[in-house]
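> Dumping the structure here so I can ask a few things about it.
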Amino acid sequence: MSQEQEVPRRVFAADGLSRAQRRGSACASCGKRWPRPQRPVGRLQNGDVLLVCDDCAPEAESEPDSHHAHAA
């Protein structure tokens, strides 16, 4: 993830996310690992950044702030 990208203030629970999704190596929405997700959509309750792939980014970014387990 580029350090220039601002992380939205949304906070999500880790429930239902895989380890790869929680680590940022898989899309938090669809689970796709390649290409590696780059778009931040919020943080987990522990402060880790959740990332989504380019395919899921428009949907995830348009979602209202929520505290659901999944970013989209």
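Just remember, in the structure tokens the first chain shown is A, the second B, etc., residues are 1-based per chain, and ligands are 1-based in the order shown.
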Within 8 Å of A:Arg43, counting only C-alpha atoms, which residues show up once you throw out same-chain ones fewer than 6 positions away? Write them as a list in words, please.

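Here the qualifying residues turn out to be Val7, Pro8, Arg9, Arg10, Val11, Phe12, Val49 and Leu50 of chain A.
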
> Might you pull out every residue within 7 Å of A:Ser25, with only C-alpha atoms counted and same-chain residues fewer than 3 positions away left off, and present them as a PyMOL selection string?

chain A and resi 20-21+33+36-37

> How far is it from atom CA of A:Cys27 to atom CA of A:Cys53, in Å with one decimal?

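Answer for the atom CA of A:Cys27 to atom CA of A:Cys53 separation: 5.4 Å.
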